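These notes concern the structure reproduced below.
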Protein chains: 2
Amino acid sequence: MGAPVERTRIRRLPDKAVRERSTLHAVLDAGTVAHVAFVHDGQPYAVPVAYGREGDTVLIHGSTGSRLFRLLAAGAPCCLTVTLLDGIVLARSAFETSMRYRSAMVLGACTVVEDQVPALRTISERILPGRWAVVRPPSKKELAQTLVLALPLAEWSVKVSDGWPEDTPEDEGWDPPTGVIPIREVRDELLDVGTATDAAPPAAPR
Amino acid sequence: MGAPVERTRIRRLPDKAVRERSTLHAVLDAGTVAHVAFVHDGQPYAVPVAYGREGDTVLIHGSTGSRLFRLLAAGAPCCLTVTLLDGIVLARSAFETSMRYRSAMVLGACTVVEDQVPALRTISERILPGRWAVVRPPSKKELAQTLVLALPLAEWSVKVSDGWPEDTPEDEGWDPPTGVIPIREVRDELLDVGTATDAAPPAAPR
């Protein structure tokens, strides 16, 4: 309990803070990549990871050879943030131009998940529902190379920005197009391995 | 100079590391949101921010009232990471399933940018090219509420994963669809403010 507590209290733009745990779940369930912040030798790092959610736990997995995962497995404090960019809010002024987004931040420390396979299945189902049922499950050797970690949804905050642009009195006389440019993530059709003409096609322009 | 140096040497999957500064620039120039990691009272945080790039400097801006921006302005060590998710790599095994992505990580400390307007223009042009020319520029009062920070591209790393799935001998007999599901970010047509029927439409499902 106790969420949001002091460390996750929304200080900036508190009207964007959302208190419902269902919204926290919804944001986590809509993302594919999280950024995990951790500290090593006094230096903070933010590293992208795939993740899944099972009830009030976020699950991540990585190699036993990964610095990030070894540190997290040892209980280092961390922050896992999932940000979904939903649009650009075009106001008449530069100052009021902003983003539509949903962002969930979870603070805490991870524990090692011994029962790896159900957790890996949860992560797989978050990335691509239905996939787990058709792939070869991990072997004992593969599991021995994998760390699965759990981060409880105990201390967290969620911000949702979904509004329209605001005008100020100083904007009088400035009339650019205003409104919202929606941004969304699209998954295209599967490219079959047979279509690989050489090592890899260039990444799509964005 | 000295990039990548020890703290940004790619330890995991070093074949994905890219040394060219042009790739670093290209990844930064393709993203819209970065995650900044910083430490406060021993707790790491990862916070999403908009950003821009001018030469070998990343620029970010925020409120003078923001804890993040006050800490960074004071020279706190930070890490700025931009991750572009390009696809899901579907292998025959769960273990070899992975992501296509481009990720740039910059370590360092920020300095305060006194000449705010050109930097804010750079950030605006990264978010939406051409927009700066048509909006009301920031007033003195607005600039007084804004911190603009510069992070040099001195210590950095870039990882690019753009391959195809790999099979292992154990996959014999497992034949799910394999290949790559491309993922891309799409910007839709501007929704005019006039189309706002009430406070805000619900965020699009993703």
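Here's how to read the names in the structure tokens: chain A, B, ... by the order shown, residue numbers from 1 in each chain, ligand numbers from 1 in the order shown.
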Inset, instruction - Write out as a list in words each polymer residue whose atoms come within 12 Å of Ser93 (chain B), counting only C-alpha atoms; drop sequence neighbours fewer than 6 positions from it. - result: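 In the requested format, the answer is Ser124, Arg131, Trp132, Ala133, Val134, Val135, Arg136, Pro137, Pro138, Ser139 and Glu142 of chain A; Pro165, Glu166, Asp167, Thr168, Pro169, Glu170, Asp171, Glu172, Gly173, Trp174, Asp175, Pro176, Pro177 and Thr178 of chain B.
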Writing out the chosen residues with N, CA, C and O atoms as an mmCIF file, in the first residue's frame:
```cif
data_model
loop_
_atom_site.group_PDB
_atom_site.id
_atom_site.type_symbol
_atom_site.label_atom_id
_atom_site.label_comp_id
_atom_site.auth_asym_id
_atom_site.auth_seq_id
_atom_site.Cartn_x
_atom_site.Cartn_y
_atom_site.Cartn_z
ATOM 1 N N SER A 124 6.602 -12.889 -22.514
ATOM 2 C CA SER A 124 6.375 -13.216 -23.925
ATOM 3 C C SER A 124 4.970 -12.805 -24.359
ATOM 4 O O SER A 124 4.779 -12.236 -25.441
ATOM 5 N N ARG A 131 2.146 -16.148 -28.683
ATOM 6 C CA ARG A 131 3.399 -16.660 -29.225
ATOM 7 C C ARG A 131 3.966 -17.815 -28.408
ATOM 8 O O ARG A 131 4.524 -18.768 -28.953
ATOM 9 N N TRP A 132 3.826 -17.692 -27.082
ATOM 10 C CA TRP A 132 4.440 -18.684 -26.195
ATOM 11 C C TRP A 132 3.997 -20.110 -26.529
ATOM 12 O O TRP A 132 4.779 -21.062 -26.444
ATOM 13 N N ALA A 133 2.724 -20.238 -26.936
ATOM 14 C CA ALA A 133 2.160 -21.577 -27.166
ATOM 15 C C ALA A 133 2.785 -22.290 -28.352
ATOM 16 O O ALA A 133 2.666 -23.515 -28.465
ATOM 17 N N VAL A 134 3.448 -21.541 -29.257
ATOM 18 C CA VAL A 134 3.936 -22.175 -30.480
ATOM 19 C C VAL A 134 5.463 -22.262 -30.570
ATOM 20 O O VAL A 134 5.990 -22.891 -31.487
ATOM 21 N N VAL A 135 6.174 -21.631 -29.645
ATOM 22 C CA VAL A 135 7.643 -21.682 -29.717
ATOM 23 C C VAL A 135 8.198 -22.795 -28.833
ATOM 24 O O VAL A 135 7.516 -23.285 -27.930
ATOM 25 N N ARG A 136 9.442 -23.158 -29.111
ATOM 26 C CA ARG A 136 10.097 -24.136 -28.240
ATOM 27 C C ARG A 136 10.345 -23.497 -26.882
ATOM 28 O O ARG A 136 10.949 -22.431 -26.796
ATOM 29 N N PRO A 137 9.898 -24.126 -25.809
ATOM 30 C CA PRO A 137 10.121 -23.544 -24.480
ATOM 31 C C PRO A 137 11.603 -23.568 -24.123
ATOM 32 O O PRO A 137 12.373 -24.310 -24.727
ATOM 33 N N PRO A 138 12.012 -22.753 -23.171
ATOM 34 C CA PRO A 138 13.442 -22.700 -22.825
ATOM 35 C C PRO A 138 13.947 -24.026 -22.250
ATOM 36 O O PRO A 138 13.237 -24.702 -21.499
ATOM 37 N N SER A 139 15.158 -24.365 -22.624
ATOM 38 C CA SER A 139 15.801 -25.568 -22.096
ATOM 39 C C SER A 139 16.396 -25.264 -20.723
ATOM 40 O O SER A 139 16.505 -24.100 -20.315
ATOM 41 N N GLU A 142 19.285 -22.986 -21.151
ATOM 42 C CA GLU A 142 18.880 -21.599 -21.426
ATOM 43 C C GLU A 142 18.384 -20.912 -20.151
ATOM 44 O O GLU A 142 18.693 -19.744 -19.891
ATOM 45 N N PRO B 165 15.923 -13.828 -37.020
ATOM 46 C CA PRO B 165 15.979 -14.831 -35.945
ATOM 47 C C PRO B 165 17.038 -15.897 -36.209
ATOM 48 O O PRO B 165 17.356 -16.200 -37.351
ATOM 49 N N GLU B 166 17.555 -16.441 -35.114
ATOM 50 C CA GLU B 166 18.539 -17.524 -35.219
ATOM 51 C C GLU B 166 17.928 -18.811 -34.696
ATOM 52 O O GLU B 166 17.247 -18.808 -33.667
ATOM 53 N N ASP B 167 18.180 -19.873 -35.416
ATOM 54 C CA ASP B 167 17.696 -21.179 -34.972
ATOM 55 C C ASP B 167 18.819 -21.909 -34.258
ATOM 56 O O ASP B 167 19.991 -21.658 -34.510
ATOM 57 N N THR B 168 18.428 -22.802 -33.372
ATOM 58 C CA THR B 168 19.405 -23.648 -32.697
ATOM 59 C C THR B 168 19.062 -25.107 -33.005
ATOM 60 O O THR B 168 17.921 -25.402 -33.405
ATOM 61 N N PRO B 169 20.011 -26.002 -32.856
ATOM 62 C CA PRO B 169 19.741 -27.423 -33.160
ATOM 63 C C PRO B 169 18.531 -27.964 -32.386
ATOM 64 O O PRO B 169 17.769 -28.779 -32.920
ATOM 65 N N GLU B 170 18.317 -27.474 -31.174
ATOM 66 C CA GLU B 170 17.192 -27.967 -30.371
ATOM 67 C C GLU B 170 15.840 -27.588 -30.958
ATOM 68 O O GLU B 170 14.803 -28.075 -30.508
ATOM 69 N N ASP B 171 15.823 -26.667 -31.935
ATOM 70 C CA ASP B 171 14.551 -26.192 -32.480
ATOM 71 C C ASP B 171 13.919 -27.187 -33.448
ATOM 72 O O ASP B 171 12.777 -26.995 -33.885
ATOM 73 N N GLU B 172 14.673 -28.212 -33.804
ATOM 74 C CA GLU B 172 14.183 -29.257 -34.733
ATOM 75 C C GLU B 172 12.786 -29.712 -34.306
ATOM 76 O O GLU B 172 12.571 -30.073 -33.146
ATOM 77 N N GLY B 173 11.859 -29.674 -35.259
ATOM 78 C CA GLY B 173 10.505 -30.129 -34.959
ATOM 79 C C GLY B 173 9.563 -29.019 -34.523
ATOM 80 O O GLY B 173 8.363 -29.234 -34.413
ATOM 81 N N TRP B 174 10.100 -27.845 -34.265
ATOM 82 C CA TRP B 174 9.251 -26.690 -33.907
ATOM 83 C C TRP B 174 9.176 -25.765 -35.112
ATOM 84 O O TRP B 174 10.199 -25.267 -35.565
ATOM 85 N N ASP B 175 7.980 -25.539 -35.626
ATOM 86 C CA ASP B 175 7.874 -24.736 -36.836
ATOM 87 C C ASP B 175 6.817 -23.636 -36.777
ATOM 88 O O ASP B 175 5.923 -23.577 -37.615
ATOM 89 N N PRO B 176 6.937 -22.751 -35.812
ATOM 90 C CA PRO B 176 6.023 -21.606 -35.793
ATOM 91 C C PRO B 176 6.415 -20.624 -36.895
ATOM 92 O O PRO B 176 7.517 -20.735 -37.444
ATOM 93 N N PRO B 177 5.548 -19.674 -37.250
ATOM 94 C CA PRO B 177 5.967 -18.622 -38.186
ATOM 95 C C PRO B 177 7.167 -17.893 -37.598
ATOM 96 O O PRO B 177 7.193 -17.611 -36.396
ATOM 97 N N THR B 178 8.173 -17.645 -38.425
ATOM 98 C CA THR B 178 9.351 -16.914 -37.947
ATOM 99 C C THR B 178 9.625 -15.726 -38.865
ATOM 100 O O THR B 178 9.130 -15.673 -39.986
#
```
Give me every alpha helix (DSSP H) residue in region 8-199 of chain A, going by DSSP on the backbone, as a PDB file with N, CA, C and O atoms, in the first residue's frame.
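Heads up, here's the output in selection31.pdb:
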```pdb
ATOM      1  N   ARG A  21      -5.048   2.444  -9.524  1.00  0.00           N
ATOM      2  CA  ARG A  21      -4.167   1.325  -9.859  1.00  0.00           C
ATOM      3  C   ARG A  21      -4.547   0.710 -11.207  1.00  0.00           C
ATOM      4  O   ARG A  21      -3.690   0.201 -11.933  1.00  0.00           O
ATOM      5  N   SER A  22      -5.825   0.802 -11.572  1.00  0.00           N
ATOM      6  CA  SER A  22      -6.238   0.255 -12.870  1.00  0.00           C
ATOM      7  C   SER A  22      -5.560   1.007 -14.016  1.00  0.00           C
ATOM      8  O   SER A  22      -5.246   0.409 -15.050  1.00  0.00           O
ATOM      9  N   THR A  23      -5.318   2.307 -13.828  1.00  0.00           N
ATOM     10  CA  THR A  23      -4.614   3.072 -14.870  1.00  0.00           C
ATOM     11  C   THR A  23      -3.147   2.660 -14.934  1.00  0.00           C
ATOM     12  O   THR A  23      -2.573   2.526 -16.013  1.00  0.00           O
ATOM     13  N   LEU A  24      -2.557   2.452 -13.763  1.00  0.00           N
ATOM     14  CA  LEU A  24      -1.177   1.935 -13.730  1.00  0.00           C
ATOM     15  C   LEU A  24      -1.089   0.635 -14.521  1.00  0.00           C
ATOM     16  O   LEU A  24      -0.230   0.461 -15.390  1.00  0.00           O
ATOM     17  N   HIS A  25      -2.010  -0.277 -14.236  1.00  0.00           N
ATOM     18  CA  HIS A  25      -2.017  -1.550 -14.955  1.00  0.00           C
ATOM     19  C   HIS A  25      -2.195  -1.329 -16.457  1.00  0.00           C
ATOM     20  O   HIS A  25      -1.509  -1.949 -17.282  1.00  0.00           O
ATOM     21  N   ALA A  26      -3.115  -0.429 -16.818  1.00  0.00           N
ATOM     22  CA  ALA A  26      -3.410  -0.212 -18.239  1.00  0.00           C
ATOM     23  C   ALA A  26      -2.199   0.346 -18.979  1.00  0.00           C
ATOM     24  O   ALA A  26      -1.918  -0.047 -20.123  1.00  0.00           O
ATOM     25  N   VAL A  27      -1.464   1.271 -18.348  1.00  0.00           N
ATOM     26  CA  VAL A  27      -0.279   1.837 -19.006  1.00  0.00           C
ATOM     27  C   VAL A  27       0.781   0.748 -19.178  1.00  0.00           C
ATOM     28  O   VAL A  27       1.356   0.584 -20.259  1.00  0.00           O
ATOM     29  N   LEU A  28       1.017  -0.008 -18.121  1.00  0.00           N
ATOM     30  CA  LEU A  28       2.011  -1.083 -18.216  1.00  0.00           C
ATOM     31  C   LEU A  28       1.604  -2.109 -19.278  1.00  0.00           C
ATOM     32  O   LEU A  28       2.455  -2.639 -19.999  1.00  0.00           O
ATOM     33  N   ARG A  67      25.381  -6.815 -16.446  1.00  0.00           N
ATOM     34  CA  ARG A  67      25.650  -5.995 -15.258  1.00  0.00           C
ATOM     35  C   ARG A  67      24.350  -5.521 -14.628  1.00  0.00           C
ATOM     36  O   ARG A  67      24.147  -5.615 -13.418  1.00  0.00           O
ATOM     37  N   LEU A  68      23.448  -5.009 -15.483  1.00  0.00           N
ATOM     38  CA  LEU A  68      22.163  -4.524 -14.977  1.00  0.00           C
ATOM     39  C   LEU A  68      21.452  -5.604 -14.175  1.00  0.00           C
ATOM     40  O   LEU A  68      21.016  -5.380 -13.039  1.00  0.00           O
ATOM     41  N   PHE A  69      21.351  -6.799 -14.758  1.00  0.00           N
ATOM     42  CA  PHE A  69      20.566  -7.824 -14.091  1.00  0.00           C
ATOM     43  C   PHE A  69      21.253  -8.366 -12.840  1.00  0.00           C
ATOM     44  O   PHE A  69      20.588  -8.714 -11.862  1.00  0.00           O
ATOM     45  N   ARG A  70      22.577  -8.400 -12.852  1.00  0.00           N
ATOM     46  CA  ARG A  70      23.272  -8.849 -11.630  1.00  0.00           C
ATOM     47  C   ARG A  70      23.073  -7.842 -10.499  1.00  0.00           C
ATOM     48  O   ARG A  70      22.822  -8.211  -9.355  1.00  0.00           O
ATOM     49  N   LEU A  71      23.177  -6.556 -10.827  1.00  0.00           N
ATOM     50  CA  LEU A  71      22.960  -5.520  -9.804  1.00  0.00           C
ATOM     51  C   LEU A  71      21.528  -5.572  -9.268  1.00  0.00           C
ATOM     52  O   LEU A  71      21.290  -5.492  -8.061  1.00  0.00           O
ATOM     53  N   LEU A  72      20.582  -5.670 -10.182  1.00  0.00           N
ATOM     54  CA  LEU A  72      19.171  -5.687  -9.752  1.00  0.00           C
ATOM     55  C   LEU A  72      18.878  -6.941  -8.935  1.00  0.00           C
ATOM     56  O   LEU A  72      18.127  -6.887  -7.953  1.00  0.00           O
ATOM     57  N   ALA A  73      19.460  -8.058  -9.326  1.00  0.00           N
ATOM     58  CA  ALA A  73      19.238  -9.306  -8.593  1.00  0.00           C
ATOM     59  C   ALA A  73      19.762  -9.198  -7.170  1.00  0.00           C
ATOM     60  O   ALA A  73      19.256  -9.838  -6.245  1.00  0.00           O
ATOM     61  N   GLN A 116      10.931 -19.720 -13.107  1.00  0.00           N
ATOM     62  CA  GLN A 116      11.171 -18.840 -14.263  1.00  0.00           C
ATOM     63  C   GLN A 116      10.147 -18.961 -15.385  1.00  0.00           C
ATOM     64  O   GLN A 116       9.773 -17.955 -15.999  1.00  0.00           O
ATOM     65  N   VAL A 117       9.716 -20.182 -15.671  1.00  0.00           N
ATOM     66  CA  VAL A 117       8.954 -20.384 -16.907  1.00  0.00           C
ATOM     67  C   VAL A 117       7.632 -19.610 -16.942  1.00  0.00           C
ATOM     68  O   VAL A 117       7.343 -18.935 -17.941  1.00  0.00           O
ATOM     69  N   PRO A 118       6.819 -19.646 -15.880  1.00  0.00           N
ATOM     70  CA  PRO A 118       5.574 -18.845 -15.952  1.00  0.00           C
ATOM     71  C   PRO A 118       5.857 -17.354 -16.126  1.00  0.00           C
ATOM     72  O   PRO A 118       5.120 -16.668 -16.833  1.00  0.00           O
ATOM     73  N   ALA A 119       6.925 -16.870 -15.512  1.00  0.00           N
ATOM     74  CA  ALA A 119       7.257 -15.447 -15.637  1.00  0.00           C
ATOM     75  C   ALA A 119       7.712 -15.114 -17.054  1.00  0.00           C
ATOM     76  O   ALA A 119       7.329 -14.082 -17.620  1.00  0.00           O
ATOM     77  N   LEU A 120       8.517 -15.991 -17.628  1.00  0.00           N
ATOM     78  CA  LEU A 120       8.954 -15.765 -19.015  1.00  0.00           C
ATOM     79  C   LEU A 120       7.761 -15.805 -19.968  1.00  0.00           C
ATOM     80  O   LEU A 120       7.690 -15.041 -20.932  1.00  0.00           O
ATOM     81  N   ARG A 121       6.814 -16.672 -19.655  1.00  0.00           N
ATOM     82  CA  ARG A 121       5.600 -16.741 -20.461  1.00  0.00           C
ATOM     83  C   ARG A 121       4.831 -15.422 -20.382  1.00  0.00           C
ATOM     84  O   ARG A 121       4.342 -14.906 -21.386  1.00  0.00           O
ATOM     85  N   THR A 122       4.760 -14.844 -19.179  1.00  0.00           N
ATOM     86  CA  THR A 122       4.066 -13.558 -19.003  1.00  0.00           C
ATOM     87  C   THR A 122       4.733 -12.463 -19.833  1.00  0.00           C
ATOM     88  O   THR A 122       4.050 -11.666 -20.482  1.00  0.00           O
ATOM     89  N   ILE A 123       6.058 -12.429 -19.811  1.00  0.00           N
ATOM     90  CA  ILE A 123       6.771 -11.413 -20.597  1.00  0.00           C
ATOM     91  C   ILE A 123       6.519 -11.639 -22.087  1.00  0.00           C
ATOM     92  O   ILE A 123       6.234 -10.705 -22.838  1.00  0.00           O
ATOM     93  N   SER A 124       6.602 -12.889 -22.514  1.00  0.00           N
ATOM     94  CA  SER A 124       6.375 -13.216 -23.925  1.00  0.00           C
ATOM     95  C   SER A 124       4.970 -12.805 -24.359  1.00  0.00           C
ATOM     96  O   SER A 124       4.779 -12.236 -25.441  1.00  0.00           O
ATOM     97  N   GLU A 125       3.983 -13.071 -23.518  1.00  0.00           N
ATOM     98  CA  GLU A 125       2.597 -12.742 -23.868  1.00  0.00           C
ATOM     99  C   GLU A 125       2.364 -11.238 -23.925  1.00  0.00           C
ATOM    100  O   GLU A 125       1.496 -10.763 -24.650  1.00  0.00           O
ATOM    101  N   ARG A 126       3.119 -10.473 -23.151  1.00  0.00           N
ATOM    102  CA  ARG A 126       3.038  -9.009 -23.228  1.00  0.00           C
ATOM    103  C   ARG A 126       3.572  -8.521 -24.565  1.00  0.00           C
ATOM    104  O   ARG A 126       2.997  -7.644 -25.197  1.00  0.00           O
ATOM    105  N   ILE A 127       4.664  -9.138 -25.012  1.00  0.00           N
ATOM    106  CA  ILE A 127       5.282  -8.701 -26.267  1.00  0.00           C
ATOM    107  C   ILE A 127       4.426  -9.130 -27.451  1.00  0.00           C
ATOM    108  O   ILE A 127       4.160  -8.344 -28.348  1.00  0.00           O
ATOM    109  N   LYS A 140      16.804 -26.304 -20.017  1.00  0.00           N
ATOM    110  CA  LYS A 140      17.447 -26.091 -18.707  1.00  0.00           C
ATOM    111  C   LYS A 140      18.693 -25.227 -18.835  1.00  0.00           C
ATOM    112  O   LYS A 140      18.965 -24.362 -18.014  1.00  0.00           O
ATOM    113  N   LYS A 141      19.445 -25.477 -19.912  1.00  0.00           N
ATOM    114  CA  LYS A 141      20.660 -24.699 -20.131  1.00  0.00           C
ATOM    115  C   LYS A 141      20.322 -23.223 -20.375  1.00  0.00           C
ATOM    116  O   LYS A 141      20.991 -22.319 -19.852  1.00  0.00           O
ATOM    117  N   GLU A 142      19.285 -22.986 -21.151  1.00  0.00           N
ATOM    118  CA  GLU A 142      18.880 -21.599 -21.426  1.00  0.00           C
ATOM    119  C   GLU A 142      18.384 -20.912 -20.151  1.00  0.00           C
ATOM    120  O   GLU A 142      18.693 -19.744 -19.891  1.00  0.00           O
ATOM    121  N   LEU A 143      17.633 -21.665 -19.347  1.00  0.00           N
ATOM    122  CA  LEU A 143      17.135 -21.075 -18.094  1.00  0.00           C
ATOM    123  C   LEU A 143      18.292 -20.743 -17.150  1.00  0.00           C
ATOM    124  O   LEU A 143      18.234 -19.755 -16.414  1.00  0.00           O
ATOM    125  N   ALA A 144      19.327 -21.573 -17.197  1.00  0.00           N
ATOM    126  CA  ALA A 144      20.479 -21.320 -16.317  1.00  0.00           C
ATOM    127  C   ALA A 144      21.216 -20.041 -16.704  1.00  0.00           C
ATOM    128  O   ALA A 144      21.928 -19.456 -15.887  1.00  0.00           O
TER     129      ALA A 144
END
```
Legend entry - Given only C-alpha atoms as the counted atoms, nearest of A:Val113, A:Glu155, A:Val47, A:Lys16 to chain B: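 Closest to chain B of all the choices is A:Val47.
Of the residues under consideration (B:Val49, B:Leu153, B:Ala109, B:Ala94), B:Ala94 shows the shortest atom-to-atom contact distance to chain A when counting only C-alpha atoms.
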Legend entry - Nearest candidate to chain B (options A:Asp56, A:Asp115, A:Asp86, A:Glu20; using only C-alpha atoms):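 Selected residue with least distance to chain B: A:Asp86.
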Legend entry - Pick from B:Pro152, B:Met99, B:Val158, B:Ala37, whichever lies nearest to chain A using only C-alpha atoms: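 Nearest candidate to chain A out of B:Pro152, B:Met99, B:Val158, B:Ala37: B:Ala37.
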Inset, instruction - Quote the spacing between CA of Phe38 (chain B) and CA of Ala104 (chain A) in Å to one decimal place. - result: 16.6 Å
